[in-house]
Amino acid sequence: MGFFDRIFERPTKSKDMAKERLRLVLIHDRSSVSPQFLEMIKGDLIEVITRYMDIDERNMNVNLTKDEESCSLVASIPIIRVKRGTG
Amino acid sequence: MGEALVITSGKGGVGKTTTTANVGAALAMLGHQVLLVDADIGLRNLDVVMGLEHRIVYDLVDVVEGLCKYRQAIIKDKRIDGLYLLPAAQTRDKTAVNPRQMRKLIGELKDEYEYILIDCPAGIEQGFRNAVAGADRAVIVTTPEVAAVRDADRIIGLLEAEDLRSPQLIINRIRANMVKRGDMMDISDMIDILAIGLLGVVPEDEYIVTSTNKGEPAVLNSVSRAGQAYRNIARRIKGEEVPLLPLESEEGFIKRLFKVFGR
């Protein structure tokens with residue numbers, strides 16, 4: 001916060017609060033709308049990654065983690081073998 | 001062959017029924033044959049907004065159950081040529097009709113009317129599924145509030161699942177002076193968030209309250225800014241390019257003039 005902002009204590013505009021709250025609630029809503037959502041991401045990830053390496057698909061994990069501030073996609077993908085000559 | 005549009009929102013109280021009545025009336029004033037269908041079975045409202053509540057004999061459920069022909073249930077508006085209403089049943093519930101029956105009925109009605117506007121109930125349950133079943137296009141009404149925009153986002157997802165793609169947005173009850181001072185989300189904020197096309201923006205307008213009190217559409221009034229916005233929306237539905245009305249603060253020139261002369 002800048003010097004002048006502190007002096008005049010300009011409050012956050014309420015519309016910006018509305019937008020930020022909406023942004024976060026929609027990340028949550030959209031990602032939990034359908035159980036197929038993560039499966040679709042998982043399928044696409046497998047397709048891309050197997051071009052470069054063999055992976056253990058059964059022990060692969062893709063999840064959304066959420067807290068009040070942010071939302072992230074966390075994937076844990078065990079590698080069996082890296083293909084030769086693709087790097 | 002006509003076109004059926006469902007007017008939906010998810011959240012209640014954002015102005016679906018008012019929008020249906022006014023856009024429908026405006027389309028009829030442009031010379032089209034327009035049928036308004038109240039799909040809110042058990043909580044009918046479109047009849048009172050239109051001022052046609054005293055003329056109901058049969059309703060949507062009677063038609064679906066074969067108790068009467070649809071021509072017997074449809075009411076003709078006497079003020080606006082080409083405007084008709086198919087009222088909902090008041091003493092039944094959403095389960096009295098199913099999506100397959102609605103699809104069949106709307107399909108038959110499209111032979112006779114150029115535009116069919118279906119007033120969808122709030123919520124995402126069977127009433128919603130009935131209302132969207134026969135629709136070719138969807139119009140989503142929202143207000144500049146977190147809850148309404150959130151529900152609109154949910155509805156967009158559900159419409160896609162029903163194969164109603166590219167719905168269009170009407171932003172209702174926007175207040176220019178609040179947008180100006182940063183206390184209300186503006187048009188671009190909501191379009192960015194929802195990522196759908198904009199069909200129109202309707203300013204907050206006291207005239208909507210008085211016209212609803214009287215049971216006559218606001219589009220009949222040439223001064224009402226909401227009425228003007230609804231007339232523009234009707235033209236955009238027809239495919240015309242109509243620029244958005246400039247957002248005018250409530251202390252507009254005319255109001256100031258009235259104030260100067262003590263009203």
# chains A, B, ... in the order shown; residues from 1 in each chain; ligands from 1
call {"tool": "residues_around", "arguments": {"residues": "B:Lys110", "least_positions_apart": "3", "cutoff": "12 Å", "atoms": "only C-alpha atoms", "output": "VMD selection string"}}
result
chain B and resid 1 to 5 33 to 37 103 to 107 113 to 117 134 to 136
call {"tool": "write_last_selection", "arguments": {"atoms": "N, CA, C and O atoms", "output": "compact mmCIF listing (two decimals), in the first residue's frame"}}
result
# COMPACT_ATOMS: atom_id res chain seq x y z
N MET B 1 -41.89 -21.75 -39.43
CA MET B 1 -41.40 -22.42 -38.22
C MET B 1 -40.78 -21.39 -37.27
O MET B 1 -39.84 -20.68 -37.63
N GLY B 2 -41.35 -21.28 -36.07
CA GLY B 2 -40.86 -20.27 -35.13
C GLY B 2 -39.66 -20.74 -34.34
O GLY B 2 -39.11 -21.81 -34.56
N GLU B 3 -39.28 -19.88 -33.41
CA GLU B 3 -38.11 -20.14 -32.59
C GLU B 3 -38.50 -20.03 -31.12
O GLU B 3 -39.24 -19.12 -30.74
N ALA B 4 -38.03 -21.00 -30.30
CA ALA B 4 -38.36 -20.97 -28.87
C ALA B 4 -37.15 -20.56 -28.06
O ALA B 4 -36.07 -21.12 -28.20
N LEU B 5 -37.35 -19.53 -27.21
CA LEU B 5 -36.28 -19.06 -26.34
C LEU B 5 -36.68 -19.27 -24.89
O LEU B 5 -37.80 -18.91 -24.50
N GLN B 33 -45.75 -12.64 -34.32
CA GLN B 33 -46.69 -13.45 -33.54
C GLN B 33 -45.89 -14.07 -32.40
O GLN B 33 -44.97 -14.86 -32.63
N VAL B 34 -46.22 -13.66 -31.17
CA VAL B 34 -45.40 -14.04 -30.02
C VAL B 34 -46.24 -14.76 -28.97
O VAL B 34 -47.30 -14.27 -28.57
N LEU B 35 -45.76 -15.90 -28.51
CA LEU B 35 -46.43 -16.62 -27.43
C LEU B 35 -45.51 -16.66 -26.21
O LEU B 35 -44.35 -17.07 -26.31
N LEU B 36 -46.04 -16.23 -25.06
CA LEU B 36 -45.31 -16.33 -23.80
C LEU B 36 -45.81 -17.58 -23.07
O LEU B 36 -47.01 -17.76 -22.91
N VAL B 37 -44.90 -18.43 -22.64
CA VAL B 37 -45.29 -19.64 -21.93
C VAL B 37 -44.77 -19.55 -20.49
O VAL B 37 -43.57 -19.38 -20.27
N ARG B 103 -41.30 -30.73 -24.79
CA ARG B 103 -40.66 -30.67 -26.09
C ARG B 103 -41.69 -30.83 -27.21
O ARG B 103 -41.68 -30.12 -28.21
N LYS B 104 -42.61 -31.76 -27.01
CA LYS B 104 -43.64 -32.03 -28.01
C LYS B 104 -44.56 -30.81 -28.17
O LYS B 104 -44.84 -30.37 -29.28
N LEU B 105 -45.01 -30.27 -27.03
CA LEU B 105 -45.93 -29.13 -27.07
C LEU B 105 -45.28 -27.91 -27.73
O LEU B 105 -45.87 -27.29 -28.63
N ILE B 106 -44.06 -27.57 -27.30
CA ILE B 106 -43.39 -26.40 -27.87
C ILE B 106 -43.16 -26.61 -29.37
O ILE B 106 -43.33 -25.69 -30.18
N GLY B 107 -42.84 -27.82 -29.75
CA GLY B 107 -42.66 -28.15 -31.17
C GLY B 107 -43.92 -27.86 -31.98
O GLY B 107 -43.85 -27.28 -33.06
N TYR B 113 -46.49 -19.84 -34.02
CA TYR B 113 -45.95 -18.57 -33.52
C TYR B 113 -44.51 -18.39 -34.00
O TYR B 113 -43.77 -19.36 -34.12
N GLU B 114 -44.14 -17.12 -34.23
CA GLU B 114 -42.77 -16.85 -34.70
C GLU B 114 -41.77 -16.89 -33.55
O GLU B 114 -40.64 -17.33 -33.72
N TYR B 115 -42.21 -16.39 -32.39
CA TYR B 115 -41.34 -16.44 -31.21
C TYR B 115 -42.13 -17.00 -30.03
O TYR B 115 -43.24 -16.57 -29.76
N ILE B 116 -41.51 -17.98 -29.37
CA ILE B 116 -42.09 -18.51 -28.13
C ILE B 116 -41.09 -18.22 -27.03
O ILE B 116 -39.92 -18.64 -27.11
N LEU B 117 -41.51 -17.44 -26.03
CA LEU B 117 -40.63 -17.13 -24.90
C LEU B 117 -41.09 -17.94 -23.70
O LEU B 117 -42.25 -17.82 -23.28
N GLY B 134 -37.91 -27.68 -24.61
CA GLY B 134 -38.32 -27.39 -25.99
C GLY B 134 -37.60 -26.21 -26.61
O GLY B 134 -37.91 -25.82 -27.73
N ALA B 135 -36.62 -25.62 -25.89
CA ALA B 135 -36.03 -24.36 -26.33
C ALA B 135 -34.94 -24.56 -27.38
O ALA B 135 -34.21 -25.53 -27.36
N ASP B 136 -34.87 -23.58 -28.31
CA ASP B 136 -33.80 -23.58 -29.30
C ASP B 136 -32.64 -22.71 -28.86
O ASP B 136 -31.51 -22.92 -29.26
call {"tool": "select_by_dssp", "arguments": {"residues": "stretch 20-143 of chain B", "states": "strand (DSSP E or B)", "output": "JSON, numbers by chain"}}
result
{"B": [34, 35, 36, 37, 38, 75, 76, 83, 84, 85, 86, 115, 116, 117, 118, 119, 137, 138, 139, 140, 141, 142]}
call {"tool": "closest_residue", "arguments": {"among": "B:Ile196, B:Ala147, B:Ala226, B:Leu159", "to": "chain A", "atoms": "only C-alpha atoms"}}
result
B:Ala147
call {"tool": "closest_atom_pairs", "arguments": {"of": "chain B", "to": "chain A", "cutoff": "8 Å", "atoms": "only C-alpha atoms", "output": "Markdown table"}}
result
| residue | atom | partner | partner_atom | distance |
| --- | --- | --- | --- | --- |
| B:Glu145 | CA | A:Ala18 | CA | 7.5 |
| B:Val146 | CA | A:Leu22 | CA | 6.0 |
| B:Val149 | CA | A:Leu22 | CA | 7.9 |
| B:Arg150 | CA | A:Leu26 | CA | 6.7 |
| B:Asp153 | CA | A:Leu26 | CA | 7.7 |
| B:Arg154 | CA | A:Asp29 | CA | 7.6 |
| B:Gly182 | CA | A:Lys13 | CA | 5.6 |
| B:Asp183 | CA | A:Lys15 | CA | 4.9 |
| B:Met184 | CA | A:Lys15 | CA | 5.0 |
| B:Met185 | CA | A:Lys15 | CA | 5.1 |
| B:Asp189 | CA | A:Lys19 | CA | 7.4 |
| B:Ile193 | CA | A:Arg23 | CA | 7.4 |
call {"tool": "atom_distance", "arguments": {"atom1": "atom CA of A:Val74", "atom2": "atom CA of B:Leu158"}}
result
26.6 Å
call {"tool": "residues_around", "arguments": {"residues": "A:Asp67", "least_positions_apart": "6", "cutoff": "12 Å", "atoms": "only C-alpha atoms", "output": "PyMOL selection string"}}
result
chain A and resi 24-25+27-28
call {"tool": "residues_around", "arguments": {"residues": "B:Ser224", "least_positions_apart": "6", "cutoff": "10 Å", "atoms": "only C-alpha atoms", "output": "ChimeraX atom specification"}}
result
/B:203,205-208,211,218,230
call {"tool": "residues_around", "arguments": {"residues": "A:Asp56", "least_positions_apart": "5", "cutoff": "12 Å", "atoms": "only C-alpha atoms", "output": "MDAnalysis selection string"}}
result
chainID A and resid 46 49:50 61 76:82
